[in-house]
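Student: Input: one structure, supplied below.
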Amino acid sequence: MLYVFENVRPFNLKAVLDGGQAFRWKEENGRFTGIVKNRFLSVDYSENTLLVEVSKGSSSREEDIRFIMDYFDLNRDYLTLEEELTEEYPELKKAIADGSGNRILHQDPWETLISFIISANNSIPNIKRVIERLCENYGSPIIYKGKTYYAFPTPDALSSLTEEEISCTRCGFRGKYIIKAAKMVKSKEVDLQRIEKLDSKDALKELVKIPGVGIKVASCILLFAYRKYDSFPVDVWIKRAVEEIYFNGCQKNIKEIIDFAHKKFADKAGFVQQYLFYYFRGKNI
């Protein structure tokens, strides 16, 4: 089924789907294909029009439309958001202009948790490869147009694995963390649905109880799965960006940068983080 969404602007397909917040998208001849919540999606964008092809499943047309609009955050006025950010923070004008159309996806908390455990000390291409092997080995098949794709594996599927078994995904030291996280989620020792109802501070405390989840990984989960927009994940690119723009290149520790971002950007911190990450990583600054 093909869905057409007109007057969607700004929208930067590459920034959104290949910018480090989701890892199951592939670029093919200008289009992006991926698996999201047990659906195969093919996405294209041109002339302010977003085209989304969705594999036929049990969902209705209305459910598909709601799902697409929610996932791509289509109800938010990013044009106004970017104008407000540029006016309020003129020092970010170049970064916002360069990444104009970047949007924060609304992802599944379980998939986001495991994906960002895998992301620790890892490159984006390798993260994608590990996740793909994880899905191919332990996810349910999705058949579309004669091709087989795989859904993200469930907590049940991963919780029963041994470290030796999961090593086929080449996830390295992260294997034990993936298995432990699956066991904690399956037993409700960590309740991913309850975390959504908590404020960012308490939600972060819950997430870091999971082995392999530090402040940075937890902040990514809060931003990309729970829409806690006051979250400000800090990696090497964001650290460098904040130090250069706001501290004349002087080094600051992670806590200082997070505290600064919370005070400076408040509930827009997550959006600012995305523009900074895309700009500084893309320009290799």
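Letters A, B, ... go to the chains of the structure tokens in the order shown; residues in each chain start at 1; ligands are counted from 1 in the same order.
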Go through segment 253-275 of chain A and flag each residue having an atom no more than 12 Å from segment 5-27 of chain A; for those, report the closest pair of atoms plus their distance in Å to one decimal, using only C-alpha atoms, ordered by chain and rising number, as a Markdown table.

Tutor:
```
| residue | atom | partner | partner_atom | distance |
| --- | --- | --- | --- | --- |
| A:Gly270 | CA | A:Gln21 | CA | 11.6 |
| A:Phe271 | CA | A:Val16 | CA | 12.0 |
| A:Gln273 | CA | A:Gln21 | CA | 11.4 |
| A:Gln274 | CA | A:Gly19 | CA | 8.5 |
| A:Tyr275 | CA | A:Ala15 | CA | 9.2 |
```

Student: Excluding segment 239-244 of chain A and its own-chain neighbours fewer than 3 positions away, which residues fall within 8 Å of it when counting only C-alpha atoms? Please give them as a ChimeraX atom specification.

Tutor: /A:234-236,247-252,254,257,276-277,280

Student: Step one, run DSSP on the backbone; step two, keep only residues of segment 98-182 of chain A assigned to strand (DSSP E or B); then write them as a PyMOL selection string.

Tutor: chain A and resi 141-144+147-150

Student: Using only C-alpha atoms, which residues sit within 6 Å of segment 112-114 of chain A once same-chain residues fewer than 3 positions away are excluded, as a PDB file with all heavy atoms, in the first residue's frame?

Tutor:
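Written file, selection_36.pdb:
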```
ATOM      1  N   PRO A 109      10.565   1.153  22.204  1.00  0.00           N
ATOM      2  CA  PRO A 109      11.526   1.182  23.308  1.00  0.00           C
ATOM      3  C   PRO A 109      12.416  -0.059  23.390  1.00  0.00           C
ATOM      4  O   PRO A 109      13.613   0.058  23.658  1.00  0.00           O
ATOM      5  CB  PRO A 109      10.631   1.297  24.551  1.00  0.00           C
ATOM      6  CG  PRO A 109       9.406   1.977  24.061  1.00  0.00           C
ATOM      7  CD  PRO A 109       9.196   1.446  22.669  1.00  0.00           C
ATOM      8  N   ILE A 117      22.461  -0.413  23.112  1.00  0.00           N
ATOM      9  CA  ILE A 117      23.461  -1.242  23.811  1.00  0.00           C
ATOM     10  C   ILE A 117      24.520  -1.681  22.800  1.00  0.00           C
ATOM     11  O   ILE A 117      25.718  -1.632  23.068  1.00  0.00           O
ATOM     12  CB  ILE A 117      22.799  -2.465  24.473  1.00  0.00           C
ATOM     13  CG1 ILE A 117      22.000  -2.029  25.718  1.00  0.00           C
ATOM     14  CG2 ILE A 117      23.850  -3.507  24.871  1.00  0.00           C
ATOM     15  CD1 ILE A 117      21.246  -3.162  26.397  1.00  0.00           C
ATOM     16  N   ILE A 221      17.822   6.459  24.384  1.00  0.00           N
ATOM     17  CA  ILE A 221      16.548   5.737  24.506  1.00  0.00           C
ATOM     18  C   ILE A 221      15.429   6.698  24.905  1.00  0.00           C
ATOM     19  O   ILE A 221      14.327   6.657  24.351  1.00  0.00           O
ATOM     20  CB  ILE A 221      16.667   4.593  25.530  1.00  0.00           C
ATOM     21  CG1 ILE A 221      17.704   3.570  25.059  1.00  0.00           C
ATOM     22  CG2 ILE A 221      15.309   3.902  25.740  1.00  0.00           C
ATOM     23  CD1 ILE A 221      18.149   2.592  26.137  1.00  0.00           C
TER      24      ILE A 221
END
```

Student: Report, in Å to a single decimal, how far apart atom CA of Arg133 of chain A and atom CA of Gly214 of chain A are.

Tutor: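 One can read the atom CA of Gly214 of chain A to atom CA of Arg133 of chain A distance as 24.0 Å.
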
Student: Quote the spacing between atom CA of Val217 of chain A and atom CA of Ile118 of chain A in Å to one decimal place.

Tutor: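 One can read the atom CA of Val217 of chain A to atom CA of Ile118 of chain A distance as 9.6 Å.
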
Student: Got a sec: who's within 6 Å of segment 174-188 of chain A, counting only C-alpha atoms, leaving out chain neighbours fewer than 3 positions off, as number ranges by chain?

Tutor: A: 155, 158-159, 163, 171, 191, 211-212

Student: Write out, as a PDB file, in the first residue's frame, the residues just selected, with N, CA and C atoms.

Tutor:
```pdb
ATOM      1  N   PRO A 155      11.966  -9.983  23.331  1.00  0.00           N
ATOM      2  CA  PRO A 155      12.696 -10.322  24.558  1.00  0.00           C
ATOM      3  C   PRO A 155      12.727 -11.824  24.813  1.00  0.00           C
ATOM      4  N   LEU A 158      15.474 -13.553  22.742  1.00  0.00           N
ATOM      5  CA  LEU A 158      16.865 -13.269  23.114  1.00  0.00           C
ATOM      6  C   LEU A 158      17.215 -13.696  24.532  1.00  0.00           C
ATOM      7  N   SER A 159      16.213 -13.773  25.406  1.00  0.00           N
ATOM      8  CA  SER A 159      16.497 -14.055  26.815  1.00  0.00           C
ATOM      9  C   SER A 159      16.997 -15.482  27.050  1.00  0.00           C
ATOM     10  N   GLU A 163      25.761 -16.788  25.626  1.00  0.00           N
ATOM     11  CA  GLU A 163      26.724 -15.881  25.006  1.00  0.00           C
ATOM     12  C   GLU A 163      27.360 -16.524  23.782  1.00  0.00           C
ATOM     13  N   CYS A 171      28.491  -9.513  17.956  1.00  0.00           N
ATOM     14  CA  CYS A 171      28.232  -8.360  18.823  1.00  0.00           C
ATOM     15  C   CYS A 171      29.309  -8.193  19.885  1.00  0.00           C
ATOM     16  N   ASP A 191      10.399  -2.383  33.495  1.00  0.00           N
ATOM     17  CA  ASP A 191       9.119  -2.278  32.803  1.00  0.00           C
ATOM     18  C   ASP A 191       9.194  -1.119  31.809  1.00  0.00           C
ATOM     19  N   PRO A 211      22.514  -3.578  32.762  1.00  0.00           N
ATOM     20  CA  PRO A 211      23.936  -3.663  32.396  1.00  0.00           C
ATOM     21  C   PRO A 211      24.140  -3.287  30.928  1.00  0.00           C
ATOM     22  N   GLY A 212      25.156  -2.487  30.660  1.00  0.00           N
ATOM     23  CA  GLY A 212      25.426  -2.045  29.296  1.00  0.00           C
ATOM     24  C   GLY A 212      24.747  -0.741  28.941  1.00  0.00           C
TER      25      GLY A 212
END
```

Student: To one decimal in Å, tell me the separation between atom CA of Pro90 of chain A and atom CA of Arg76 of chain A.

Tutor: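 About the pair atom CA of Pro90 of chain A and atom CA of Arg76 of chain A: they are 21.7 Å apart.
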
Student: Applying 10 Å and only C-alpha atoms, which residues near Phe265 of chain A remain after dropping the ones on its own chain fewer than 2 positions away? List them as an MDAnalysis selection string.

Tutor: chainID A and resid 85 88:89 229:232 260:263 267:273

Student: Keeping only N, CA, C and O atoms, write the selected residues as a PDB file, in the first residue's frame.

Tutor:
```pdb
ATOM      1  N   LEU A  85      14.336  27.995  16.896  1.00  0.00           N
ATOM      2  CA  LEU A  85      15.678  27.648  17.365  1.00  0.00           C
ATOM      3  C   LEU A  85      16.725  28.614  16.816  1.00  0.00           C
ATOM      4  O   LEU A  85      17.629  29.040  17.537  1.00  0.00           O
ATOM      5  N   GLU A  88      16.290  31.959  18.632  1.00  0.00           N
ATOM      6  CA  GLU A  88      16.668  31.896  20.043  1.00  0.00           C
ATOM      7  C   GLU A  88      18.158  31.608  20.227  1.00  0.00           C
ATOM      8  O   GLU A  88      18.778  32.098  21.177  1.00  0.00           O
ATOM      9  N   TYR A  89      18.727  30.811  19.305  1.00  0.00           N
ATOM     10  CA  TYR A  89      20.132  30.431  19.407  1.00  0.00           C
ATOM     11  C   TYR A  89      20.834  30.718  18.067  1.00  0.00           C
ATOM     12  O   TYR A  89      21.131  29.783  17.305  1.00  0.00           O
ATOM     13  N   TYR A 229      12.136  15.131  25.257  1.00  0.00           N
ATOM     14  CA  TYR A 229      12.909  16.063  24.446  1.00  0.00           C
ATOM     15  C   TYR A 229      13.880  16.924  25.252  1.00  0.00           C
ATOM     16  O   TYR A 229      14.645  17.689  24.667  1.00  0.00           O
ATOM     17  N   ASP A 230      13.864  16.780  26.555  1.00  0.00           N
ATOM     18  CA  ASP A 230      14.874  17.460  27.368  1.00  0.00           C
ATOM     19  C   ASP A 230      16.138  16.609  27.488  1.00  0.00           C
ATOM     20  O   ASP A 230      17.124  17.040  28.098  1.00  0.00           O
ATOM     21  N   SER A 231      16.136  15.416  26.905  1.00  0.00           N
ATOM     22  CA  SER A 231      17.312  14.548  26.918  1.00  0.00           C
ATOM     23  C   SER A 231      18.357  15.092  25.951  1.00  0.00           C
ATOM     24  O   SER A 231      18.026  15.603  24.876  1.00  0.00           O
ATOM     25  N   PHE A 232      19.627  14.922  26.322  1.00  0.00           N
ATOM     26  CA  PHE A 232      20.726  15.468  25.517  1.00  0.00           C
ATOM     27  C   PHE A 232      21.867  14.463  25.503  1.00  0.00           C
ATOM     28  O   PHE A 232      22.825  14.570  26.269  1.00  0.00           O
ATOM     29  N   PHE A 260      24.739  21.954  31.331  1.00  0.00           N
ATOM     30  CA  PHE A 260      24.669  23.183  30.520  1.00  0.00           C
ATOM     31  C   PHE A 260      23.520  23.100  29.519  1.00  0.00           C
ATOM     32  O   PHE A 260      22.731  24.035  29.368  1.00  0.00           O
ATOM     33  N   ALA A 261      23.416  21.959  28.822  1.00  0.00           N
ATOM     34  CA  ALA A 261      22.391  21.787  27.791  1.00  0.00           C
ATOM     35  C   ALA A 261      20.988  21.844  28.381  1.00  0.00           C
ATOM     36  O   ALA A 261      20.078  22.444  27.789  1.00  0.00           O
ATOM     37  N   HIS A 262      20.810  21.231  29.540  1.00  0.00           N
ATOM     38  CA  HIS A 262      19.492  21.257  30.178  1.00  0.00           C
ATOM     39  C   HIS A 262      19.072  22.682  30.529  1.00  0.00           C
ATOM     40  O   HIS A 262      17.914  23.075  30.334  1.00  0.00           O
ATOM     41  N   LYS A 263      20.004  23.457  31.033  1.00  0.00           N
ATOM     42  CA  LYS A 263      19.692  24.847  31.397  1.00  0.00           C
ATOM     43  C   LYS A 263      19.517  25.725  30.160  1.00  0.00           C
ATOM     44  O   LYS A 263      18.632  26.585  30.110  1.00  0.00           O
ATOM     45  N   ASP A 267      13.419  21.980  27.147  1.00  0.00           N
ATOM     46  CA  ASP A 267      12.701  20.897  26.468  1.00  0.00           C
ATOM     47  C   ASP A 267      12.960  20.855  24.953  1.00  0.00           C
ATOM     48  O   ASP A 267      12.340  20.063  24.235  1.00  0.00           O
ATOM     49  N   LYS A 268      13.889  21.692  24.481  1.00  0.00           N
ATOM     50  CA  LYS A 268      14.299  21.625  23.079  1.00  0.00           C
ATOM     51  C   LYS A 268      15.692  21.019  22.934  1.00  0.00           C
ATOM     52  O   LYS A 268      16.267  20.985  21.841  1.00  0.00           O
ATOM     53  N   ALA A 269      16.239  20.526  24.037  1.00  0.00           N
ATOM     54  CA  ALA A 269      17.616  20.005  24.036  1.00  0.00           C
ATOM     55  C   ALA A 269      17.797  18.868  23.041  1.00  0.00           C
ATOM     56  O   ALA A 269      18.811  18.799  22.341  1.00  0.00           O
ATOM     57  N   GLY A 270      16.840  17.977  22.971  1.00  0.00           N
ATOM     58  CA  GLY A 270      16.952  16.832  22.072  1.00  0.00           C
ATOM     59  C   GLY A 270      17.002  17.239  20.610  1.00  0.00           C
ATOM     60  O   GLY A 270      17.744  16.645  19.809  1.00  0.00           O
ATOM     61  N   PHE A 271      16.211  18.252  20.246  1.00  0.00           N
ATOM     62  CA  PHE A 271      16.228  18.727  18.859  1.00  0.00           C
ATOM     63  C   PHE A 271      17.573  19.373  18.533  1.00  0.00           C
ATOM     64  O   PHE A 271      18.153  19.122  17.476  1.00  0.00           O
ATOM     65  N   VAL A 272      18.071  20.196  19.461  1.00  0.00           N
ATOM     66  CA  VAL A 272      19.370  20.832  19.265  1.00  0.00           C
ATOM     67  C   VAL A 272      20.449  19.772  19.095  1.00  0.00           C
ATOM     68  O   VAL A 272      21.327  19.881  18.231  1.00  0.00           O
ATOM     69  N   GLN A 273      20.385  18.736  19.908  1.00  0.00           N
ATOM     70  CA  GLN A 273      21.379  17.658  19.835  1.00  0.00           C
ATOM     71  C   GLN A 273      21.417  17.040  18.446  1.00  0.00           C
ATOM     72  O   GLN A 273      22.498  16.761  17.906  1.00  0.00           O
TER      73      GLN A 273
END
```

Student: List every residue of segment 57-226 of chain A that DSSP, applied to the backbone of this structure, assigns to helix (DSSP H, G or I), and report them as JSON, numbers by chain.

Tutor: {"A": [61, 62, 63, 64, 65, 66, 67, 68, 69, 70, 71, 78, 79, 80, 81, 82, 83, 84, 85, 86, 87, 88, 90, 91, 92, 93, 94, 95, 96, 97, 98, 109, 110, 111, 112, 113, 114, 115, 116, 117, 118, 119, 124, 125, 126, 127, 128, 129, 130, 131, 132, 133, 134, 135, 136, 137, 138, 155, 156, 157, 158, 159, 163, 164, 165, 166, 167, 168, 169, 172, 173, 174, 175, 176, 177, 178, 179, 180, 181, 182, 183, 184, 185, 186, 192, 193, 194, 195, 196, 200, 201, 202, 203, 204, 205, 206, 207, 215, 216, 217, 218, 219, 220, 221, 222, 223, 224]}

Student: Which residue is closest to Asp98 of chain A? Choose from A:Glu82, A:Met1, A:Asp156, A:Glu62 and count only C-alpha atoms.

Tutor: A:Glu82

Student: For the contact check between segment 132-228 of chain A and segment 39-52 of chain A, emit one row per residue of segment 132-228 of chain A within 10 Å, containing the shortest atom pair and the distance in Å rounded to one decimal, counting only C-alpha atoms, chain then rising number order, as JSON lines.

Tutor:
```
{"residue": "A:Ile142", "atom": "CA", "partner": "A:Phe40", "partner_atom": "CA", "distance": 7.6}
{"residue": "A:Ile143", "atom": "CA", "partner": "A:Phe40", "partner_atom": "CA", "distance": 8.8}
{"residue": "A:Tyr144", "atom": "CA", "partner": "A:Phe40", "partner_atom": "CA", "distance": 7.4}
{"residue": "A:Thr148", "atom": "CA", "partner": "A:Phe40", "partner_atom": "CA", "distance": 10.0}
{"residue": "A:Tyr149", "atom": "CA", "partner": "A:Phe40", "partner_atom": "CA", "distance": 7.7}
{"residue": "A:Tyr150", "atom": "CA", "partner": "A:Phe40", "partner_atom": "CA", "distance": 9.0}
{"residue": "A:Ala151", "atom": "CA", "partner": "A:Arg39", "partner_atom": "CA", "distance": 7.8}
```

Student: Given only C-alpha atoms, how would the per-residue table for segment 157-264 of chain A near segment 100-104 of chain A read, listing every residue at most 9 Å away with its closest atom pair and distance in Å to one decimal, sorted by chain and number, as a tab-separated table?

Tutor:
```
residue	atom	partner	partner_atom	distance
A:Leu223	CA	A:Ile104	CA	8.0
A:Phe224	CA	A:Ile104	CA	6.6
A:Arg227	CA	A:Ile104	CA	8.3
```

Student: Given only C-alpha atoms as the basis, pick out the residue of A:Glu63, A:Arg170, A:Trp110, A:Phe116 nearest to Arg129 of chain A.

Tutor: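 Using only C-alpha atoms, Arg129 of chain A sits closest to A:Arg170.
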